[in-house]
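Coordinates as given in entry_26.cif (mmCIF, C-alpha atoms):
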```cif
data_model
loop_
_atom_site.label_atom_id
_atom_site.label_comp_id
_atom_site.auth_asym_id
_atom_site.auth_seq_id
_atom_site.Cartn_x
_atom_site.Cartn_y
_atom_site.Cartn_z
CA ALA A 1 -16.40 32.85 62.48
CA LEU A 2 -17.06 33.63 66.17
CA ASN A 3 -15.05 30.67 67.43
CA LEU A 4 -11.97 32.17 65.74
CA LEU A 5 -12.26 35.18 68.04
CA PHE A 6 -12.09 33.24 71.29
CA ASP A 7 -8.39 33.40 72.23
CA PHE A 8 -8.01 30.53 74.69
CA ASP A 9 -4.23 30.95 75.00
CA TRP A 10 -4.46 34.64 75.97
CA MET A 11 -7.28 33.97 78.41
CA ASN A 12 -5.51 31.01 80.01
CA LYS A 13 -2.28 32.98 80.46
CA ASN A 14 -3.79 36.28 81.64
CA ILE A 15 -6.90 35.25 83.52
CA PHE A 16 -6.22 31.70 84.73
CA HIS A 17 -2.43 32.01 85.18
CA GLY A 18 -1.75 29.11 82.80
CA GLN A 19 -3.63 26.56 84.91
CA TYR A 20 -5.72 25.15 82.08
CA LYS A 21 -4.91 22.93 79.14
CA HIS A 22 -6.75 23.22 75.82
CA ILE A 23 -8.44 19.88 75.20
CA ASN A 24 -9.47 18.56 71.82
CA SER A 25 -12.09 16.00 72.77
CA TYR A 26 -15.47 15.70 74.43
CA PHE A 27 -13.95 12.67 76.18
CA ALA A 28 -10.52 14.14 76.98
CA ASN A 29 -7.85 12.23 78.89
CA SER A 30 -9.47 8.88 78.26
CA GLU A 31 -9.36 6.02 75.78
CA LEU A 32 -12.64 7.41 74.39
CA ALA A 33 -11.00 10.52 72.89
CA ALA A 34 -10.78 10.35 69.10
CA PRO A 35 -7.14 9.63 68.21
CA ASP A 36 -7.43 11.44 64.86
CA ALA A 37 -9.33 14.53 66.07
CA PRO A 38 -9.22 17.71 63.98
CA PRO A 39 -6.34 20.03 64.98
CA LEU A 40 -6.89 22.79 67.51
CA PRO A 41 -7.59 26.23 66.06
CA SER A 42 -4.62 28.53 65.58
CA SER A 43 -3.72 30.78 68.50
CA ASP A 44 -2.65 33.58 66.12
CA SER A 45 -5.18 36.24 67.18
CA ARG A 46 -4.54 38.61 64.28
CA ALA A 47 -4.79 35.87 61.66
CA ASN A 48 -7.96 34.58 63.32
CA MET A 49 -9.50 38.06 63.31
CA ARG A 50 -8.70 38.47 59.60
CA LYS A 51 -10.25 35.07 58.81
CA ALA A 52 -13.34 35.83 60.94
CA ASN A 53 -13.72 39.19 59.19
CA GLU A 54 -13.54 37.48 55.78
CA LEU A 55 -16.18 34.94 56.78
CA LEU A 56 -18.51 37.58 58.20
CA ASN A 57 -18.11 39.84 55.16
CA ALA A 58 -18.80 36.88 52.84
CA ALA A 59 -21.99 36.21 54.81
CA GLY A 60 -23.10 39.81 54.30
CA TRP A 61 -22.17 41.16 57.75
CA ILE A 62 -20.37 44.41 56.83
CA VAL A 63 -18.95 46.97 59.28
CA GLU A 64 -20.72 50.33 59.03
CA ASN A 65 -19.74 53.13 61.43
CA GLY A 66 -18.02 50.64 63.73
CA LYS A 67 -21.03 48.26 63.87
CA ARG A 68 -21.36 44.97 62.03
CA MET A 69 -24.61 45.21 60.04
CA LYS A 70 -26.68 43.13 57.63
CA ASP A 71 -29.94 44.23 56.05
CA GLY A 72 -29.94 47.32 58.30
CA LYS A 73 -29.77 45.28 61.52
CA PRO A 74 -26.78 45.13 63.90
CA PHE A 75 -25.09 41.87 64.84
CA THR A 76 -26.00 41.55 68.53
CA PHE A 77 -26.72 38.65 70.85
CA GLU A 78 -26.92 37.69 74.51
CA ILE A 79 -24.84 35.29 76.60
CA ILE A 80 -26.55 33.92 79.70
CA LEU A 81 -24.46 32.71 82.63
CA SER A 82 -25.20 31.04 85.95
CA ALA A 83 -21.87 31.54 87.74
CA PRO A 84 -20.09 34.83 88.45
CA GLU A 85 -16.71 33.21 87.73
CA ASP A 86 -17.81 32.59 84.12
CA GLU A 87 -18.30 36.31 83.60
CA LYS A 88 -14.58 36.95 83.04
CA ILE A 89 -14.60 34.39 80.22
CA ALA A 90 -17.62 36.05 78.61
CA LEU A 91 -16.07 39.51 79.01
CA GLN A 92 -12.91 38.39 77.20
CA PHE A 93 -15.07 37.09 74.35
CA LYS A 94 -17.08 40.34 74.36
CA ASN A 95 -13.90 42.41 74.02
CA ALA A 96 -12.78 40.38 71.00
CA LEU A 97 -16.20 40.69 69.38
CA GLN A 98 -16.36 44.46 69.92
CA LYS A 99 -13.19 44.80 67.82
CA MET A 100 -15.17 43.17 65.00
CA GLY A 101 -18.19 45.47 65.42
CA ILE A 102 -20.31 42.83 67.18
CA GLU A 103 -22.16 43.78 70.35
CA ILE A 104 -23.08 41.24 73.00
CA ASN A 105 -24.95 41.51 76.28
CA ILE A 106 -23.89 39.35 79.18
CA ARG A 107 -26.62 38.39 81.63
CA LEU A 108 -25.84 36.66 84.94
CA LEU A 109 -28.96 34.79 86.09
CA ASP A 110 -29.88 33.12 89.36
CA SER A 111 -29.94 29.32 89.19
CA ALA A 112 -33.75 29.03 88.79
CA GLN A 113 -33.85 31.51 85.88
CA TYR A 114 -30.80 29.93 84.26
CA ILE A 115 -32.21 26.37 84.43
CA ARG A 116 -35.60 27.56 83.11
CA ARG A 117 -33.98 29.29 80.12
CA LEU A 118 -31.70 26.30 79.46
CA ASN A 119 -34.62 23.87 79.58
CA GLU A 120 -36.62 26.02 77.15
CA TYR A 121 -33.57 26.66 74.90
CA ASP A 122 -34.25 30.37 75.42
CA TYR A 123 -30.79 31.88 74.83
CA ASP A 124 -28.39 32.88 72.10
CA MET A 125 -25.24 31.56 73.80
CA THR A 126 -24.25 30.08 77.15
CA LEU A 127 -21.36 28.30 78.83
CA TYR A 128 -22.15 24.72 79.75
CA TYR A 129 -20.00 21.80 80.82
CA TRP A 130 -21.08 18.29 79.82
CA LEU A 131 -19.96 15.53 82.11
CA SER A 132 -19.18 12.17 80.60
CA THR A 133 -18.38 8.85 82.18
CA LEU A 134 -15.91 6.25 80.94
CA SER A 135 -18.96 4.18 79.95
CA PRO A 136 -21.16 6.54 77.94
CA GLY A 137 -24.62 5.34 77.01
CA THR A 138 -28.13 6.68 76.45
CA GLU A 139 -27.25 10.15 77.76
CA GLN A 140 -25.44 10.72 74.44
CA VAL A 141 -28.83 10.56 72.71
CA LEU A 142 -30.08 13.30 75.06
CA TYR A 143 -26.97 15.46 74.52
CA TRP A 144 -26.57 15.37 70.75
CA THR A 145 -29.59 14.23 68.70
CA CYS A 146 -32.01 16.24 66.57
CA GLU A 147 -34.92 14.81 68.55
CA ALA A 148 -33.44 16.07 71.83
CA ALA A 149 -32.80 19.51 70.30
CA LYS A 150 -36.55 19.84 69.67
CA GLN A 151 -37.68 18.73 73.15
CA PRO A 152 -37.44 20.98 76.22
CA ALA A 153 -35.09 19.92 79.04
CA ARG A 154 -33.25 17.30 76.99
CA PHE A 155 -29.67 18.63 77.46
CA ASN A 156 -28.95 19.32 73.78
CA TYR A 157 -28.09 22.90 74.69
CA ALA A 158 -25.89 23.37 71.62
CA GLY A 159 -28.81 22.56 69.31
CA VAL A 160 -26.82 19.85 67.53
CA CYS A 161 -28.81 18.32 64.68
CA ASP A 162 -26.85 16.09 62.31
CA SER A 163 -27.99 12.71 60.99
CA GLU A 164 -24.51 11.17 61.39
CA ILE A 165 -24.28 12.34 65.01
CA ASP A 166 -27.81 10.99 65.63
CA ALA A 167 -26.81 7.56 64.34
CA LEU A 168 -23.56 7.51 66.33
CA ALA A 169 -25.27 8.61 69.57
CA HIS A 170 -27.75 5.75 69.21
CA GLN A 171 -24.95 3.29 68.37
CA VAL A 172 -23.11 4.27 71.58
CA ALA A 173 -26.13 3.24 73.62
CA GLN A 174 -26.43 -0.07 71.71
CA ALA A 175 -22.75 -1.12 71.75
CA LYS A 176 -22.41 -4.85 72.49
CA ASP A 177 -18.91 -4.76 74.01
CA ARG A 178 -16.17 -2.38 75.11
CA ALA A 179 -14.30 -2.44 71.78
CA GLU A 180 -17.44 -1.46 69.86
CA LEU A 181 -18.23 1.24 72.43
CA VAL A 182 -14.75 2.79 72.20
CA SER A 183 -14.75 2.69 68.40
CA THR A 184 -18.19 4.31 68.19
CA VAL A 185 -17.34 7.00 70.74
CA HIS A 186 -14.17 7.82 68.75
CA LYS A 187 -16.36 8.44 65.69
CA LEU A 188 -18.87 10.48 67.71
CA ASP A 189 -16.11 12.57 69.28
CA LYS A 190 -14.52 13.31 65.90
CA LYS A 191 -17.86 14.25 64.36
CA LEU A 192 -18.76 16.55 67.28
CA LEU A 193 -15.38 18.27 66.99
CA GLU A 194 -16.09 19.07 63.33
CA GLY A 195 -18.89 21.36 64.51
CA THR A 196 -18.62 24.56 66.50
CA TYR A 197 -20.51 23.88 69.69
#
```

Please express what this file holds, its structure, as structure tokens.
Amino acid sequence: ALNLLFDFDWMNKNIFHGQYKHINSYFANSELAAPDAPPLPSSDSRANMRKANELLNAAGWIVENGKRMKDGKPFTFEIILSAPEDEKIALQFKNALQKMGIEINIRLLDSAQYIRRLNEYDYDMTLYYWLSTLSPGTEQVLYWTCEAAKQPARFNYAGVCDSEIDALAHQVAQAKDRAELVSTVHKLDKKLLEGTY
């Protein structure tokens, strides 16, 4: 439900002056991007807020006195950041969440604290940018597998754990030729896009 509340189009127009393009691939602008990727989420903010509210209510998160509550506890979480320029992105997200009765704390950390918390998976949410090459390999196992999600400092910061993604990440590293690599990465990309990471 939370991903419905992140209004990329508004943020791009009002904060970044339209300089960014919404991508729909972990391997954007390359032959590795899945050609049949799921469609981008709607940019209709009101419809997205209604849908998010329905999903949260169905999960038992009801608004009481302006706060989203479940079992007597408020819906709160923390976003950790390492760069001051990311704060405006987090603040936009915070504003959208406040309208839904969700409270978040934004914490800007110095690089040593941020890396320590990333390596220990000690956060609720963060902004992170994965870099990929045109010849992906074993790093995909470190980024996306269940095993990596359980080991400190293994780069699976999203906590992805899915048996199909595990198999595809390993197949990427074992591809025998370029055609097999591209085909496998297409499948991995599509499967990753099905999740909300």

Out of A:Glu180, A:Asp124, A:Asp7, A:Glu194, which residue has the shortest atom-to-atom distance to A:Ile165 when counting all atoms listed in the file? A:Glu194

Once the PyMOL selection byres ((chain A and resi 105) around 8) has been applied to the shown file, what residues remain in the selection, as a list in words?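 Output of the PyMOL selection byres ((chain A and resi 105) around 8): Thr76, Phe77, Glu78, Ile79, Glu103, Ile104, Ile106 and Arg107 of chain A.
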
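Between atom CA of A:Ile15 and atom CA of A:Ile89 the interatomic distance comes to 8.4 Å.
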
Write out as JSON lines the residues of stretch 6-52 of chain A that have any atom within 10 Å of an atom of stretch 134-150 of chain A, one row each with the nearest atom pair and its distance in Å to one decimal, counting only C-alpha atoms, sorted by chain and then rising number.
```
{"residue": "A:Phe27", "atom": "CA", "partner": "A:Leu134", "partner_atom": "CA", "distance": 8.2}
{"residue": "A:Ser30", "atom": "CA", "partner": "A:Leu134", "partner_atom": "CA", "distance": 7.5}
{"residue": "A:Glu31", "atom": "CA", "partner": "A:Leu134", "partner_atom": "CA", "distance": 8.3}
{"residue": "A:Leu32", "atom": "CA", "partner": "A:Leu134", "partner_atom": "CA", "distance": 7.4}
```

Quick one: distance from atom CA of A:Lys187 to atom CA of A:Ala173 in Å, one decimal? 13.6 Å
